[in-house]
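Pasted below: query19.txt, compact mmCIF, C-alpha atoms and all ligand atoms.
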```
# COMPACT_ATOMS: atom_id res chain seq x y z
CA MET V 1 -36.19 -129.72 -4.36
CA SER V 2 -34.12 -129.13 -1.20
CA ASP V 3 -31.90 -126.13 -0.54
CA GLU V 4 -28.75 -128.19 -0.06
CA ARG V 5 -26.01 -127.70 -2.61
CA VAL V 6 -25.06 -130.61 -4.80
CA VAL V 7 -21.51 -131.24 -5.98
CA ALA V 8 -20.61 -133.81 -8.62
CA ILE V 9 -16.99 -134.96 -8.47
CA ALA V 10 -15.40 -136.72 -11.45
CA GLY V 11 -12.36 -138.65 -10.24
CA ALA V 12 -13.51 -139.14 -6.65
CA SER V 13 -12.09 -142.57 -5.79
CA SER V 14 -8.73 -141.39 -4.42
CA GLY V 15 -6.48 -138.40 -3.78
CA VAL V 16 -7.96 -134.92 -4.16
CA GLY V 17 -11.39 -136.14 -5.30
CA ARG V 18 -11.78 -138.34 -2.24
CA ALA V 19 -10.63 -135.56 0.11
CA ALA V 20 -13.02 -133.09 -1.56
CA ALA V 21 -15.94 -135.52 -1.23
CA LEU V 22 -15.33 -136.06 2.49
CA ARG V 23 -14.78 -132.36 3.23
CA LEU V 24 -17.77 -131.07 1.26
CA ALA V 25 -20.08 -133.75 2.66
CA ARG V 26 -19.05 -132.73 6.19
CA SER V 27 -19.94 -129.14 5.22
CA GLY V 28 -23.47 -130.18 4.22
CA TYR V 29 -23.18 -130.71 0.47
CA ALA V 30 -24.82 -133.72 -1.16
CA VAL V 31 -21.99 -135.34 -3.11
CA SER V 32 -22.15 -137.41 -6.25
CA LEU V 33 -18.98 -139.39 -6.92
CA CYS V 34 -17.67 -141.02 -10.03
CA ALA V 35 -14.59 -142.94 -11.11
CA ARG V 36 -13.84 -146.37 -12.52
CA ARG V 37 -12.94 -148.12 -9.21
CA GLU V 38 -16.44 -148.67 -7.88
CA ASN V 39 -15.34 -150.44 -4.68
CA LEU V 40 -13.43 -147.33 -3.54
CA LEU V 41 -16.37 -145.05 -4.40
CA LYS V 42 -18.73 -147.23 -2.37
CA GLU V 43 -16.39 -147.11 0.64
CA ILE V 44 -16.29 -143.29 0.49
CA ALA V 45 -20.07 -143.05 0.08
CA ALA V 46 -20.57 -145.40 3.04
CA GLU V 47 -18.23 -143.29 5.20
CA ILE V 48 -20.18 -140.14 4.27
CA GLU V 49 -23.55 -141.75 4.98
CA LYS V 50 -22.30 -143.13 8.30
CA ASP V 51 -21.55 -139.53 9.33
CA GLY V 52 -25.08 -138.45 8.33
CA GLY V 53 -24.20 -137.05 4.89
CA LYS V 54 -25.66 -137.76 1.46
CA ALA V 55 -23.62 -139.49 -1.23
CA LEU V 56 -24.14 -141.26 -4.53
CA ALA V 57 -21.48 -143.52 -6.09
CA VAL V 58 -21.58 -143.89 -9.88
CA LYS V 59 -19.09 -146.13 -11.67
CA ALA V 60 -18.20 -144.26 -14.87
CA ASP V 61 -15.31 -143.91 -17.25
CA MET V 62 -15.56 -140.20 -17.98
CA THR V 63 -13.56 -140.54 -21.21
CA LYS V 64 -16.70 -142.15 -22.71
CA TRP V 65 -19.47 -139.68 -23.60
CA THR V 66 -22.35 -142.01 -22.69
CA GLU V 67 -20.85 -142.59 -19.23
CA SER V 68 -20.27 -138.86 -18.63
CA GLU V 69 -23.90 -138.25 -19.49
CA LYS V 70 -24.99 -141.13 -17.24
CA PHE V 71 -23.04 -139.64 -14.30
CA ILE V 72 -24.78 -136.26 -14.63
CA HIS V 73 -28.21 -137.83 -15.23
CA ARG V 74 -27.87 -140.13 -12.19
CA THR V 75 -26.85 -137.10 -10.09
CA VAL V 76 -29.90 -135.09 -11.17
CA ASP V 77 -32.24 -138.09 -10.76
CA THR V 78 -30.99 -138.56 -7.19
CA PHE V 79 -30.42 -135.03 -5.90
CA GLY V 80 -32.47 -132.88 -8.31
CA ARG V 81 -29.71 -130.52 -9.43
CA VAL V 82 -25.95 -129.99 -9.89
CA ASP V 83 -24.57 -126.82 -8.31
CA VAL V 84 -20.90 -127.67 -8.77
CA LEU V 85 -19.18 -129.99 -11.23
CA PHE V 86 -15.60 -130.68 -10.13
CA ASN V 87 -13.82 -132.18 -13.16
CA ASN V 88 -10.88 -133.62 -11.26
CA ALA V 89 -9.99 -136.92 -12.96
CA GLY V 90 -6.58 -137.42 -14.46
CA SER V 91 -4.35 -140.26 -15.62
CA GLY V 92 -2.14 -141.27 -18.51
CA ILE V 93 0.96 -139.84 -16.98
CA ARG V 94 4.05 -142.03 -17.33
CA PHE V 95 7.04 -139.74 -16.74
CA THR V 96 9.11 -140.22 -19.90
CA ASP V 97 10.37 -138.40 -22.97
CA PHE V 98 7.58 -137.95 -25.51
CA GLU V 99 9.19 -140.13 -28.18
CA ASN V 100 9.00 -143.12 -25.80
CA MET V 101 5.23 -142.83 -25.39
CA SER V 102 3.08 -145.33 -27.25
CA VAL V 103 0.16 -144.05 -29.31
CA ASP V 104 -2.20 -145.64 -26.75
CA GLU V 105 -0.49 -143.69 -23.95
CA ILE V 106 -0.80 -140.45 -25.92
CA ASP V 107 -4.49 -141.11 -26.54
CA GLU V 108 -5.08 -141.88 -22.86
CA ALA V 109 -3.23 -138.75 -21.69
CA ILE V 110 -5.44 -136.53 -23.85
CA ALA V 111 -8.68 -138.42 -23.14
CA ALA V 112 -8.20 -138.64 -19.38
CA ASN V 113 -6.95 -135.08 -18.87
CA LEU V 114 -8.76 -133.06 -21.54
CA THR V 115 -11.52 -134.81 -23.52
CA TYR V 116 -13.40 -135.95 -20.43
CA VAL V 117 -13.51 -132.32 -19.17
CA LEU V 118 -15.30 -131.31 -22.38
CA TYR V 119 -17.72 -134.24 -22.05
CA GLY V 120 -18.49 -133.42 -18.41
CA CYS V 121 -19.17 -129.79 -19.29
CA LYS V 122 -21.36 -130.73 -22.27
CA ALA V 123 -23.39 -133.07 -20.05
CA VAL V 124 -23.88 -130.58 -17.21
CA LEU V 125 -24.51 -127.33 -19.10
CA PRO V 126 -28.21 -127.99 -19.94
CA VAL V 127 -28.79 -128.73 -16.24
CA MET V 128 -27.06 -125.55 -15.06
CA LYS V 129 -28.79 -123.43 -17.72
CA ARG V 130 -32.15 -124.76 -16.54
CA GLN V 131 -31.21 -123.93 -12.94
CA LYS V 132 -29.90 -120.50 -14.02
CA SER V 133 -26.83 -121.15 -11.88
CA GLY V 134 -23.85 -123.42 -11.52
CA HIS V 135 -20.10 -123.59 -11.10
CA ILE V 136 -17.73 -125.79 -13.10
CA VAL V 137 -14.24 -126.28 -11.67
CA ASN V 138 -11.73 -127.97 -13.95
CA THR V 139 -8.49 -129.28 -12.44
CA THR V 140 -5.44 -128.32 -14.41
CA SER V 141 -1.95 -128.35 -12.92
CA ILE V 142 1.13 -126.22 -12.63
CA LEU V 143 1.97 -128.22 -15.79
CA GLY V 144 -1.07 -126.64 -17.45
CA LYS V 145 0.59 -123.22 -17.15
CA ARG V 146 4.21 -124.06 -17.71
CA ALA V 147 5.89 -127.26 -18.87
CA ARG V 148 8.52 -129.74 -17.80
CA SER V 149 10.25 -132.37 -19.91
CA GLY V 150 8.92 -135.89 -19.35
CA PHE V 151 5.29 -134.67 -19.25
CA ALA V 152 4.65 -133.44 -22.81
CA ALA V 153 1.33 -135.21 -23.50
CA TYR V 154 -0.01 -134.57 -19.98
CA SER V 155 0.99 -130.94 -20.30
CA ALA V 156 -0.79 -130.73 -23.67
CA GLY V 157 -3.96 -132.01 -22.03
CA LYS V 158 -3.76 -129.64 -19.05
CA HIS V 159 -2.91 -126.59 -21.22
CA GLY V 160 -5.94 -127.58 -23.30
CA VAL V 161 -8.13 -127.49 -20.19
CA ASP V 162 -6.95 -123.92 -19.56
CA GLY V 163 -7.82 -122.75 -23.09
CA PHE V 164 -11.12 -124.60 -23.19
CA SER V 165 -12.17 -123.26 -19.77
CA ARG V 166 -11.40 -119.64 -20.78
CA ALA V 167 -13.60 -119.93 -23.87
CA LEU V 168 -16.37 -121.68 -21.97
CA PHE V 169 -16.40 -119.07 -19.20
CA ASN V 170 -16.81 -116.34 -21.85
CA GLU V 171 -19.75 -118.27 -23.33
CA VAL V 172 -21.68 -119.19 -20.19
CA LYS V 173 -21.23 -116.36 -17.70
CA LYS V 174 -24.35 -114.73 -19.18
CA TYR V 175 -26.33 -117.72 -17.84
CA ASN V 176 -24.98 -117.16 -14.30
CA ILE V 177 -22.66 -120.15 -14.71
CA LYS V 178 -19.12 -119.81 -13.38
CA VAL V 179 -16.12 -121.67 -14.78
CA SER V 180 -12.83 -121.86 -12.85
CA ILE V 181 -9.58 -123.74 -13.13
CA LEU V 182 -7.75 -125.14 -10.13
CA GLY V 183 -4.03 -125.56 -10.74
CA PRO V 184 -2.09 -127.34 -8.01
CA ALA V 185 1.64 -127.98 -7.96
CA LEU V 186 2.74 -131.37 -6.60
CA ILE V 187 0.20 -133.16 -4.38
CA ASN V 188 0.84 -136.11 -2.09
CA THR V 189 -1.39 -138.67 -3.86
CA ASP V 190 -0.99 -141.83 -5.96
CA TRP V 191 -0.51 -139.61 -9.00
CA ALA V 192 3.25 -139.23 -8.50
CA LYS V 193 3.64 -142.99 -7.99
CA LYS V 194 1.61 -143.73 -11.16
CA ALA V 195 3.81 -141.28 -13.06
CA GLY V 196 6.94 -143.01 -11.74
CA ILE V 197 8.16 -139.88 -9.96
CA THR V 198 10.34 -140.34 -6.89
CA THR V 199 12.26 -137.99 -4.60
CA PRO V 200 13.32 -135.21 -4.76
CA PHE V 201 10.38 -134.33 -7.04
CA ALA V 202 7.87 -136.05 -4.78
CA SER V 203 8.88 -134.37 -1.51
CA GLY V 204 7.31 -131.21 -0.08
CA ALA V 205 3.97 -131.75 -1.75
CA LEU V 206 0.51 -130.35 -0.98
CA GLU V 207 -1.80 -132.67 0.94
CA PRO V 208 -5.05 -133.59 -0.87
CA GLU V 209 -6.99 -132.13 2.09
CA GLU V 210 -5.34 -128.73 1.42
CA VAL V 211 -6.49 -128.82 -2.21
CA ALA V 212 -9.99 -129.72 -1.00
CA GLU V 213 -9.93 -126.72 1.35
CA ALA V 214 -8.97 -124.44 -1.56
CA LEU V 215 -11.75 -125.93 -3.70
CA GLN V 216 -14.28 -125.06 -1.00
CA LEU V 217 -13.06 -121.44 -0.93
CA LEU V 218 -13.37 -121.31 -4.70
CA ILE V 219 -16.96 -122.57 -4.82
CA GLU V 220 -18.21 -120.47 -1.92
CA THR V 221 -17.60 -117.01 -3.39
CA SER V 222 -20.69 -114.83 -3.46
CA SER V 223 -22.83 -114.88 -6.55
CA GLY V 224 -21.72 -111.81 -8.52
CA TYR V 225 -18.13 -112.76 -9.35
CA SER V 226 -15.93 -115.76 -9.92
CA ILE V 227 -12.35 -116.58 -9.06
CA TRP V 228 -11.28 -117.61 -12.53
CA SER V 229 -8.01 -119.39 -11.68
CA MET V 230 -6.61 -120.65 -8.40
CA ASP V 231 -3.00 -121.87 -8.29
CA LEU V 232 -1.71 -123.73 -5.25
CA MET V 233 1.61 -124.91 -3.97
CA SER V 234 3.04 -126.18 -0.74
CA LEU V 235 5.57 -123.99 1.05
CA GLY V 236 7.66 -127.15 1.31
CA GLN V 237 7.85 -127.89 -2.42
CA VAL V 238 11.48 -128.69 -3.23
CA ILE V 239 11.45 -128.00 -6.98
CA ASP V 240 10.79 -124.28 -7.64
CA PRO V 241 7.23 -124.36 -8.92
CA LEU V 242 6.96 -120.96 -10.60
N1 LIG B 1 -0.79 -135.31 -7.66
C1 LIG B 1 -0.22 -134.26 -8.24
O1 LIG B 1 0.98 -133.97 -8.02
C2 LIG B 1 -1.04 -133.35 -9.13
C3 LIG B 1 -0.55 -132.07 -9.41
C4 LIG B 1 -1.31 -131.21 -10.20
C5 LIG B 1 -2.53 -131.63 -10.70
N2 LIG B 1 -2.97 -132.91 -10.42
C6 LIG B 1 -4.28 -133.29 -10.94
O2 LIG B 1 -5.15 -133.45 -9.84
C7 LIG B 1 -6.22 -134.33 -10.21
C8 LIG B 1 -6.42 -135.36 -9.12
O3 LIG B 1 -5.31 -136.23 -9.10
P1 LIG B 1 -4.75 -136.86 -7.76
O4 LIG B 1 -3.44 -136.26 -7.51
O5 LIG B 1 -5.78 -136.82 -6.69
O6 LIG B 1 -4.47 -138.38 -8.24
P2 LIG B 1 -5.28 -139.74 -8.11
O7 LIG B 1 -5.39 -140.13 -6.68
O8 LIG B 1 -4.62 -140.65 -9.07
O9 LIG B 1 -6.75 -139.35 -8.61
C9 LIG B 1 -7.14 -139.39 -9.96
C10 LIG B 1 -8.64 -139.69 -9.98
O10 LIG B 1 -9.08 -139.67 -11.34
C11 LIG B 1 -9.88 -140.82 -11.56
N3 LIG B 1 -9.88 -141.14 -12.99
C12 LIG B 1 -8.82 -141.34 -13.80
N4 LIG B 1 -9.24 -141.64 -15.04
C13 LIG B 1 -10.61 -141.61 -15.00
C14 LIG B 1 -11.62 -141.86 -15.97
N5 LIG B 1 -11.31 -142.20 -17.22
N6 LIG B 1 -12.92 -141.76 -15.60
C15 LIG B 1 -13.24 -141.44 -14.32
N7 LIG B 1 -12.33 -141.19 -13.36
C16 LIG B 1 -11.03 -141.30 -13.69
C17 LIG B 1 -9.24 -141.89 -10.69
O11 LIG B 1 -10.17 -142.90 -10.39
P3 LIG B 1 -10.23 -144.36 -11.08
O12 LIG B 1 -8.82 -144.79 -11.35
O13 LIG B 1 -10.94 -145.17 -10.04
O14 LIG B 1 -11.05 -144.17 -12.31
C18 LIG B 1 -8.96 -141.06 -9.43
O15 LIG B 1 -10.14 -140.99 -8.64
C19 LIG B 1 -5.85 -134.88 -11.58
O16 LIG B 1 -6.52 -134.14 -12.59
C20 LIG B 1 -4.35 -134.61 -11.68
O17 LIG B 1 -3.91 -134.52 -13.01
C21 LIG B 1 -2.26 -133.76 -9.64
```

Can the structure in the file be given as structure tokens, please?
Ligand SMILES: NC(=O)c1ccc[n+]([C@@H]2O[C@H](COP(=O)([O-])OP(=O)(O)OC[C@H]3O[C@@H](n4cnc5c(N)ncnc54)[C@H](OP(=O)(O)O)[C@@H]3O)[C@@H](O)[C@H]2O)c1
Amino acid sequence: MSDERVVAIAGASSGVGRAAALRLARSGYAVSLCARRENLLKEIAAEIEKDGGKALAVKADMTKWTESEKFIHRTVDTFGRVDVLFNNAGSGIRFTDFENMSVDEIDEAIAANLTYVLYGCKAVLPVMKRQKSGHIVNTTSILGKRARSGFAAYSAGKHGVDGFSRALFNEVKKYNIKVSILGPALINTDWAKKAGITTPFASGALEPEEVAEALQLLIETSSGYSIWSMDLMSLGQVIDPL
């Protein structure tokens, strides 16, 4: 087994996940990438390998348990370990009053923002326990700490990630496994477009590369302590975030 650190990124095909993959690969991490859009994952992996890095692209819908498990197993088969799991996927986010959401949209918002985080953690914990080390970083949002109308189901999912991650950290710190939440305010990615958000909400956002930089700070703390929660916002954000 090599000494290089291995990071598995769920939701790596665009936005923050893509930026994190490129940044961490440049810093010497082996990166394992998953999402549903395999063509985008392969492009990112090829870019990393062209620069001399190591990358694995795994097509997986993380809202399905068997595919979450497959992602972690393929990562371990290829790189031998998982030092960091970055649970960063997210979708199901049409900006609308809750009563307008279909039941399918509600189910997707919870599955793609909360349930998959639990599945990813369940799949990776035996690996990290065996290693006697590991760090799980779950992406929440400013909307996982406070709430805004038009995002009720998304907010339910992200608040759930906060509560789940607190309980999990209490359970697994005795195994030298860290759990953190990363809570950005608005980021300049496809997310806002998918949600149907336009200016002024969408202006003054964080860049995905800034969130990737913060992630690297979070996962490179020394071994005896963990930053439990990291909240981020751009100085340019127009809507008061706090
Ligand atoms: N943008 C913002 O303003 C903002 C603010 C706070 C928090 N966040 C959170 O930040 C995270 C990253 O979002 P982003 O802004 O970078 O948006 P993005 O570009 O839309 O990225 C979302 C990623 O999640 C993946 N994904 C979605 N459903 C998935 C599933 N079922 N299985 C596997 N992968 C899945 C997408 O890939 P595929 O579609 O290829 O599967 C994509 O790679 C999300 O958790 C989001 O909720 C975003």

Near region 174-186 of chain V, within 7 Å and counting only C-alpha atoms, which residues show up once chain neighbours fewer than 3 positions away are dropped, as a ChimeraX atom specification?
/V:128-129,132-142,162,165,169,205-206,226-233,241

Here is a test: counting all atoms listed in the file, which residue of V:Asn188, V:Ser149, V:Ser222, V:Ser234 is nearest to ligand LIG 1 (chain B)?
V:Asn188

Excluding region 32-38 of chain V and any residue of its chain fewer than 2 positions from it, enumerate the residues within 8 Å of it, using all atoms listed in the file, and give them as a PyMOL selection string.
chain V and resi 6-13+21+30+40-42+45+55-62+71+75+89

Could the residues in this selection be written to a file with C-alpha atoms, as a PDB file, in the frame of the given file?
```pdb
ATOM      1  CA  VAL V   6     -25.060-130.610  -4.800  1.00  0.00           C
ATOM      2  CA  VAL V   7     -21.510-131.240  -5.980  1.00  0.00           C
ATOM      3  CA  ALA V   8     -20.610-133.810  -8.620  1.00  0.00           C
ATOM      4  CA  ILE V   9     -16.990-134.960  -8.470  1.00  0.00           C
ATOM      5  CA  ALA V  10     -15.400-136.720 -11.450  1.00  0.00           C
ATOM      6  CA  GLY V  11     -12.360-138.650 -10.240  1.00  0.00           C
ATOM      7  CA  ALA V  12     -13.510-139.140  -6.650  1.00  0.00           C
ATOM      8  CA  SER V  13     -12.090-142.570  -5.790  1.00  0.00           C
ATOM      9  CA  ALA V  21     -15.940-135.520  -1.230  1.00  0.00           C
ATOM     10  CA  ALA V  30     -24.820-133.720  -1.160  1.00  0.00           C
ATOM     11  CA  LEU V  40     -13.430-147.330  -3.540  1.00  0.00           C
ATOM     12  CA  LEU V  41     -16.370-145.050  -4.400  1.00  0.00           C
ATOM     13  CA  LYS V  42     -18.730-147.230  -2.370  1.00  0.00           C
ATOM     14  CA  ALA V  45     -20.070-143.050   0.080  1.00  0.00           C
ATOM     15  CA  ALA V  55     -23.620-139.490  -1.230  1.00  0.00           C
ATOM     16  CA  LEU V  56     -24.140-141.260  -4.530  1.00  0.00           C
ATOM     17  CA  ALA V  57     -21.480-143.520  -6.090  1.00  0.00           C
ATOM     18  CA  VAL V  58     -21.580-143.890  -9.880  1.00  0.00           C
ATOM     19  CA  LYS V  59     -19.090-146.130 -11.670  1.00  0.00           C
ATOM     20  CA  ALA V  60     -18.200-144.260 -14.870  1.00  0.00           C
ATOM     21  CA  ASP V  61     -15.310-143.910 -17.250  1.00  0.00           C
ATOM     22  CA  MET V  62     -15.560-140.200 -17.980  1.00  0.00           C
ATOM     23  CA  PHE V  71     -23.040-139.640 -14.300  1.00  0.00           C
ATOM     24  CA  THR V  75     -26.850-137.100 -10.090  1.00  0.00           C
ATOM     25  CA  ALA V  89      -9.990-136.920 -12.960  1.00  0.00           C
TER      26      ALA V  89
END
```

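Using all atoms listed in the file, the nearest neighbour of ligand LIG 1 (chain B) within the list V:Pro126, V:Gly80, V:Gly53, V:Pro208 is V:Pro208.
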
Rounded to one decimal in Å, what is the spacing between CA of Gly90 (chain V) and atom C11 of ligand LIG 1 (chain B)?
5.6 Å

One-decimal distance in Å that lies between CA of Arg18 (chain V) and atom P2 of ligand LIG 1 (chain B):
8.9 Å

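CA of Glu210 (chain V) sits 21.2 Å away from CA of Ala195 (chain V).
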
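Remark: for Thr96 (chain V), the closest of the candidate residues V:Cys121, V:Val127, V:Val84, V:Ala152 is V:Ala152 (distances computed over all atoms listed in the file).
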
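Residue neighbourhood of Ala112 (chain V), excluding near-sequence residues (fewer than 2 positions): Asp61, Met62, Thr63, Lys64, Asn88, Ala89, Gly90, Ser91, Gly92, Ile93, Asp107, Glu108, Ala109, Ile110, Leu114, Thr115, Tyr116, Val117, Tyr154 and Gly157 of chain V, at 10 Å, using only C-alpha atoms.
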
Print the selection's residues with C-alpha atoms to a file, as an mmCIF file, keeping the file's coordinate frame.
```
data_model
loop_
_atom_site.group_PDB
_atom_site.id
_atom_site.type_symbol
_atom_site.label_atom_id
_atom_site.label_comp_id
_atom_site.auth_asym_id
_atom_site.auth_seq_id
_atom_site.Cartn_x
_atom_site.Cartn_y
_atom_site.Cartn_z
ATOM 1 C CA ASP V 61 -15.310 -143.910 -17.250
ATOM 2 C CA MET V 62 -15.560 -140.200 -17.980
ATOM 3 C CA THR V 63 -13.560 -140.540 -21.210
ATOM 4 C CA LYS V 64 -16.700 -142.150 -22.710
ATOM 5 C CA ASN V 88 -10.880 -133.620 -11.260
ATOM 6 C CA ALA V 89 -9.990 -136.920 -12.960
ATOM 7 C CA GLY V 90 -6.580 -137.420 -14.460
ATOM 8 C CA SER V 91 -4.350 -140.260 -15.620
ATOM 9 C CA GLY V 92 -2.140 -141.270 -18.510
ATOM 10 C CA ILE V 93 0.960 -139.840 -16.980
ATOM 11 C CA ASP V 107 -4.490 -141.110 -26.540
ATOM 12 C CA GLU V 108 -5.080 -141.880 -22.860
ATOM 13 C CA ALA V 109 -3.230 -138.750 -21.690
ATOM 14 C CA ILE V 110 -5.440 -136.530 -23.850
ATOM 15 C CA LEU V 114 -8.760 -133.060 -21.540
ATOM 16 C CA THR V 115 -11.520 -134.810 -23.520
ATOM 17 C CA TYR V 116 -13.400 -135.950 -20.430
ATOM 18 C CA VAL V 117 -13.510 -132.320 -19.170
ATOM 19 C CA TYR V 154 -0.010 -134.570 -19.980
ATOM 20 C CA GLY V 157 -3.960 -132.010 -22.030
#
```

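Residue nearest ligand LIG 1 (chain B), chosen from V:Ile72, V:Leu143, V:Ala153, V:Ala167 and counting all atoms listed in the file: V:Leu143.
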
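Of the listed residues V:Asn100, V:Thr78, V:Asn113, V:Gln237, the one whose atoms come nearest to ligand LIG 1 (chain B) is V:Asn113, with distances taken using only C-alpha atoms and all ligand atoms.
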